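Novice: Contents of upload.txt (compact mmCIF, C-alpha atoms) are given next:
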# COMPACT_ATOMS: atom_id res chain seq x y z
CA MET A 1 2.99 -21.01 17.26
CA SER A 2 2.64 -17.25 17.59
CA THR A 3 -0.10 -15.30 15.84
CA ALA A 4 2.50 -13.38 13.83
CA LYS A 5 3.74 -16.60 12.23
CA LYS A 6 0.18 -17.56 11.31
CA LEU A 7 -0.53 -14.34 9.40
CA ARG A 8 1.07 -15.69 6.23
CA ARG A 9 -1.37 -14.07 3.83
CA LEU A 10 -0.75 -10.64 5.35
CA HIS A 11 3.04 -11.12 5.27
CA ALA A 12 2.89 -12.20 1.62
CA ALA A 13 0.84 -9.12 0.71
CA GLN A 14 3.33 -6.92 2.55
CA ARG A 15 6.24 -8.48 0.64
CA GLN A 16 4.43 -7.88 -2.67
CA LEU A 17 3.81 -4.24 -1.77
CA GLU A 18 7.49 -3.82 -0.86
CA THR A 19 8.58 -5.42 -4.13
CA ASN A 20 6.31 -3.19 -6.19
CA ALA A 21 7.38 -0.10 -4.22
CA ARG A 22 10.96 -0.95 -5.18
CA ILE A 23 9.88 -0.89 -8.83
CA VAL A 24 8.58 2.65 -8.36
CA GLU A 25 11.88 3.59 -6.71
CA HIS A 26 13.72 2.06 -9.66
CA ASP A 27 11.58 4.09 -12.07
CA LYS A 28 12.39 7.21 -10.07
CA ARG A 29 16.15 6.51 -10.18
CA HIS A 30 15.89 5.76 -13.89
CA LEU A 31 14.10 9.05 -14.47
CA ARG A 32 16.83 10.99 -12.70
CA SER A 33 19.75 9.15 -14.26
CA VAL A 34 18.48 9.24 -17.84
CA TYR A 35 16.52 12.48 -17.95
CA GLY A 36 17.87 14.59 -15.10
CA GLU A 37 15.95 16.28 -12.31
CA GLU A 38 13.68 18.54 -14.34
CA CYS A 39 13.28 16.74 -17.68
CA GLN A 40 15.42 19.41 -19.28
CA MET A 41 16.60 18.10 -22.61
CA THR A 42 16.58 19.08 -26.25
CA GLY A 43 14.78 16.21 -28.00
CA ARG A 44 10.99 16.48 -28.10
CA ARG A 45 10.43 12.72 -27.87
CA ARG A 46 12.84 12.36 -24.94
CA HIS A 47 11.17 15.26 -23.18
CA ALA A 48 7.73 13.70 -23.73
CA SER A 49 9.00 10.33 -22.45
CA CYS A 50 10.43 11.99 -19.38
CA LEU A 51 7.20 13.84 -18.63
CA ALA A 52 5.15 10.66 -19.11
CA LEU A 53 7.37 8.65 -16.75
CA ARG A 54 7.34 11.42 -14.16
CA ALA A 55 3.53 11.68 -14.39
CA SER A 56 3.25 7.90 -13.96
CA ILE A 57 5.43 7.92 -10.85
CA ASN A 58 3.57 10.89 -9.34
CA ASP A 59 0.21 9.27 -10.08
CA ARG A 60 1.20 6.00 -8.44
CA VAL A 61 2.58 7.67 -5.32
CA SER A 62 -0.20 10.22 -4.90
CA LYS A 63 -3.05 7.73 -5.33
CA LEU A 64 -1.55 4.82 -3.39
CA GLU A 65 -3.08 5.82 -0.06
CA GLN A 66 -6.59 5.59 -1.51
CA HIS A 67 -6.09 1.86 -1.98
CA PHE A 68 -5.79 1.27 1.77
CA ILE A 69 -9.48 2.03 2.35
CA ASP A 70 -11.54 -0.81 3.83
CA PRO A 71 -15.19 -0.39 2.79
CA ASP A 72 -16.32 -2.27 5.92
CA GLY A 73 -14.39 0.03 8.24
CA VAL A 74 -12.69 -0.93 11.48
CA PRO A 75 -14.83 -3.10 13.78
CA GLY A 76 -16.10 -0.91 16.58
CA HIS A 77 -15.15 2.19 14.59
CA GLU A 78 -16.97 1.47 11.30
CA TRP A 79 -16.75 5.13 10.33
CA TYR A 80 -12.94 4.75 10.15
CA LYS A 81 -12.02 3.15 6.84
CA HIS A 82 -8.20 3.03 6.73
CA ALA A 83 -6.99 -0.59 6.87
CA LEU A 84 -3.40 0.04 7.96
CA ILE A 85 -3.74 2.52 10.81
CA GLY A 86 -6.69 3.64 12.87
CA PRO A 87 -8.09 4.38 16.28
CA GLY A 88 -6.90 2.27 19.15
CA PRO A 89 -9.31 0.01 20.98
CA TRP A 90 -9.53 2.03 24.21
CA THR A 91 -9.58 5.67 23.15
CA ASP A 92 -9.93 7.54 19.91
CA ALA A 93 -6.73 9.44 20.76
CA SER A 94 -4.42 6.42 20.44
CA PHE A 95 -3.59 4.74 17.15
CA GLN A 96 -3.28 1.10 16.21
CA ALA A 97 -1.53 -0.55 13.27
CA PHE A 98 -3.94 -2.85 11.42
CA PRO A 99 -6.85 -1.81 13.66
CA GLY A 100 -9.32 -4.27 12.13
CA LEU A 101 -6.95 -7.16 12.68
CA ALA A 102 -6.16 -5.98 16.22
CA ALA A 103 -9.89 -5.88 17.01
CA ALA A 104 -10.30 -9.39 15.58
CA LEU A 105 -7.36 -10.67 17.65
CA ASP A 106 -8.98 -9.20 20.76
CA THR A 107 -12.07 -11.36 20.17
CA GLY A 108 -9.98 -14.54 20.20
CA ASP A 109 -12.17 -15.92 17.38
CA LYS A 110 -9.86 -17.56 14.81
CA GLY A 111 -12.50 -17.32 12.09
CA ILE A 112 -12.84 -13.57 12.52
CA VAL A 113 -9.04 -13.22 12.60
CA ARG A 114 -8.70 -15.16 9.33
CA GLN A 115 -11.47 -13.09 7.70
CA ARG A 116 -9.90 -9.78 8.74
CA GLU A 117 -6.43 -10.94 7.70
CA LYS A 118 -7.76 -11.92 4.25
CA SER A 119 -9.60 -8.62 3.90
CA ILE A 120 -6.54 -6.55 4.83
CA ALA A 121 -4.20 -8.69 2.70
CA ASP A 122 -6.55 -8.23 -0.28
CA ILE A 123 -6.46 -4.46 0.25
CA ILE A 124 -2.65 -4.48 0.37
CA TYR A 125 -2.43 -6.68 -2.73
CA GLU A 126 -4.73 -4.28 -4.57
CA ALA A 127 -2.45 -1.39 -3.61
CA ALA A 128 0.63 -3.38 -4.64
CA TRP A 129 -0.76 -4.15 -8.07
CA PHE A 130 -1.82 -0.55 -8.50
CA LEU A 131 1.84 0.43 -8.18
CA ARG A 132 2.65 -1.85 -11.13
CA GLU A 133 -0.34 -1.00 -13.35
CA VAL A 134 -0.15 2.76 -13.68
Would it be possible to restate this file's structure as structure tokens?
Specialist:
Amino acid sequence: MSTAKKLRRLHAAQRQLETNARIVEHDKRHLRSVYGEECQMTGRRRHASCLALRASINDRVSKLEQHFIDPDGVPGHEWYKHALIGPGPWTDASFQAFPGLAAALDTGDKGIVRQREKSIADIIYEAAWFLREV
């Protein structure tokens, strides 16, 4: 069985993030269809509702990236904290998706791979739930 098939926790977290991102997209479409592009309307309550929804969407989108920070950093590059993309294993000029997981896979140690997958999946789940909470 390939490693990709074994990364179930990471795939589940990714699906949850995609689902919650769709909710934000739905909110954005709702904002445009009900309130228009610039929240230009006559009723004070409708205008306030529009501004609140727009602020919520902007807050979720602008702060999402902060949730992809791994406090432990990328193994071998501990100073680099982004869990989804980071320096490649051979040079600092190349980039690697899921650098912590890639470094764990390079070790061949299944325990380290499981630990890194759980850590990254937890980070993605946290980001996914943030999209729903704000």
Novice: Near Val61 in chain A, counting only C-alpha atoms, which residues have an atom at most 9 Å away, once you skip same-chain residues fewer than 5 positions from it, shown as a list of chain:residue names?
Specialist: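 Returned residues: A:Val24, A:Ser56, A:Leu131.
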Novice: Quote the spacing between CA of Ala52 in chain A and CA of Gly36 in chain A in Å to one decimal place.
Specialist: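 Separation of CA of Ala52 in chain A and CA of Gly36 in chain A: 13.9 Å.
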Novice: Using all atoms listed in the file, can you tell me which of A:Asp109, A:Gln66, A:Pro71, A:Arg32 comes closest to Leu53 in chain A?
Specialist: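 Looking only at the distances to Leu53 in chain A, the closest residue turns out to be A:Arg32.
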Novice: Which of these residues is nearest to Ile123 in chain A, using all atoms listed in the file: A:Leu31, A:Ile85, A:Ile69, A:Ala102?
Specialist: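 Of A:Leu31, A:Ile85, A:Ile69, A:Ala102, the one nearest Ile123 in chain A is A:Ile69, counting all atoms listed in the file.
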Novice: Which is closest to Pro87 in chain A among A:Asn58, A:Lys6, A:Glu25, A:Pro75, if we use only C-alpha atoms?
Specialist: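 Using only C-alpha atoms, Pro87 in chain A sits closest to A:Pro75.
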Novice: Using all atoms listed in the file, which of A:Ala104, A:Ile124, A:Cys50, A:Ala12 sits nearest His30 in chain A?
Specialist: A:Cys50
Novice: Could you check the closest approach to Ala128 in chain A for each of A:Gly86, A:Asp59, A:Leu64, A:Arg46 and tell me which residue wins, using only C-alpha atoms?
Specialist: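 Of A:Gly86, A:Asp59, A:Leu64, A:Arg46, the one nearest Ala128 in chain A is A:Leu64, counting only C-alpha atoms.
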Novice: Could you please determine the separation between CA of Leu101 in chain A and CA of Ser62 in chain A in Å, to one decimal place?
Specialist: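 CA of Ser62 in chain A lies at a distance of 25.6 Å from CA of Leu101 in chain A.
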Novice: Which polymer residues, whether protein, DNA or RNA, lie within 8 Å of the coordinate (-5.7, -1.9, 9.4) when you count all atoms listed in the file? List them as a ChimeraX atom specification, using the chain letters and numbers from the file.
Specialist: /A:74,82-86,96-102,120
Novice: Any chance you could export the current selection's C-alpha atoms as a short mmCIF file (atom, residue, chain, number, x, y, z; two decimals), keeping the file's coordinate frame?
Specialist:
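File again.cif, as written:
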data_model
loop_
_atom_site.label_atom_id
_atom_site.label_comp_id
_atom_site.auth_asym_id
_atom_site.auth_seq_id
_atom_site.Cartn_x
_atom_site.Cartn_y
_atom_site.Cartn_z
CA VAL A 74 -12.69 -0.93 11.48
CA HIS A 82 -8.20 3.03 6.73
CA ALA A 83 -6.99 -0.59 6.87
CA LEU A 84 -3.40 0.04 7.96
CA ILE A 85 -3.74 2.52 10.81
CA GLY A 86 -6.69 3.64 12.87
CA GLN A 96 -3.28 1.10 16.21
CA ALA A 97 -1.53 -0.55 13.27
CA PHE A 98 -3.94 -2.85 11.42
CA PRO A 99 -6.85 -1.81 13.66
CA GLY A 100 -9.32 -4.27 12.13
CA LEU A 101 -6.95 -7.16 12.68
CA ALA A 102 -6.16 -5.98 16.22
CA ILE A 120 -6.54 -6.55 4.83
#
Novice: How far is it from CA of Lys118 in chain A to CA of Asp70 in chain A, in Å with one decimal?
Specialist: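 Answer for the CA of Lys118 in chain A to CA of Asp70 in chain A separation: 11.7 Å.
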Novice: Let me make sure I understand: among A:Glu37, A:Asp27, A:Glu65, A:Asp106, which one has the smallest atom-to-atom distance to Glu126 in chain A if we use all atoms listed in the file?
Specialist: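 Closest candidate: A:Glu65.
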Novice: Give as a short mmCIF file (atom, residue, chain, number, x, y, z; two decimals) with C-alpha atoms, in the coordinates of the input every residue, naming chains and numbers as the document does, that has an atom within 10 Å of (14.5, 14.7, -20.9), counting all atoms listed in the file.
Specialist:
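What follows is the written file out-v4.cif:
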data_model
loop_
_atom_site.label_atom_id
_atom_site.label_comp_id
_atom_site.auth_asym_id
_atom_site.auth_seq_id
_atom_site.Cartn_x
_atom_site.Cartn_y
_atom_site.Cartn_z
CA LEU A 31 14.10 9.05 -14.47
CA ARG A 32 16.83 10.99 -12.70
CA VAL A 34 18.48 9.24 -17.84
CA TYR A 35 16.52 12.48 -17.95
CA GLY A 36 17.87 14.59 -15.10
CA GLU A 37 15.95 16.28 -12.31
CA GLU A 38 13.68 18.54 -14.34
CA CYS A 39 13.28 16.74 -17.68
CA GLN A 40 15.42 19.41 -19.28
CA MET A 41 16.60 18.10 -22.61
CA THR A 42 16.58 19.08 -26.25
CA GLY A 43 14.78 16.21 -28.00
CA ARG A 44 10.99 16.48 -28.10
CA ARG A 45 10.43 12.72 -27.87
CA ARG A 46 12.84 12.36 -24.94
CA HIS A 47 11.17 15.26 -23.18
CA ALA A 48 7.73 13.70 -23.73
CA SER A 49 9.00 10.33 -22.45
CA CYS A 50 10.43 11.99 -19.38
CA LEU A 51 7.20 13.84 -18.63
#
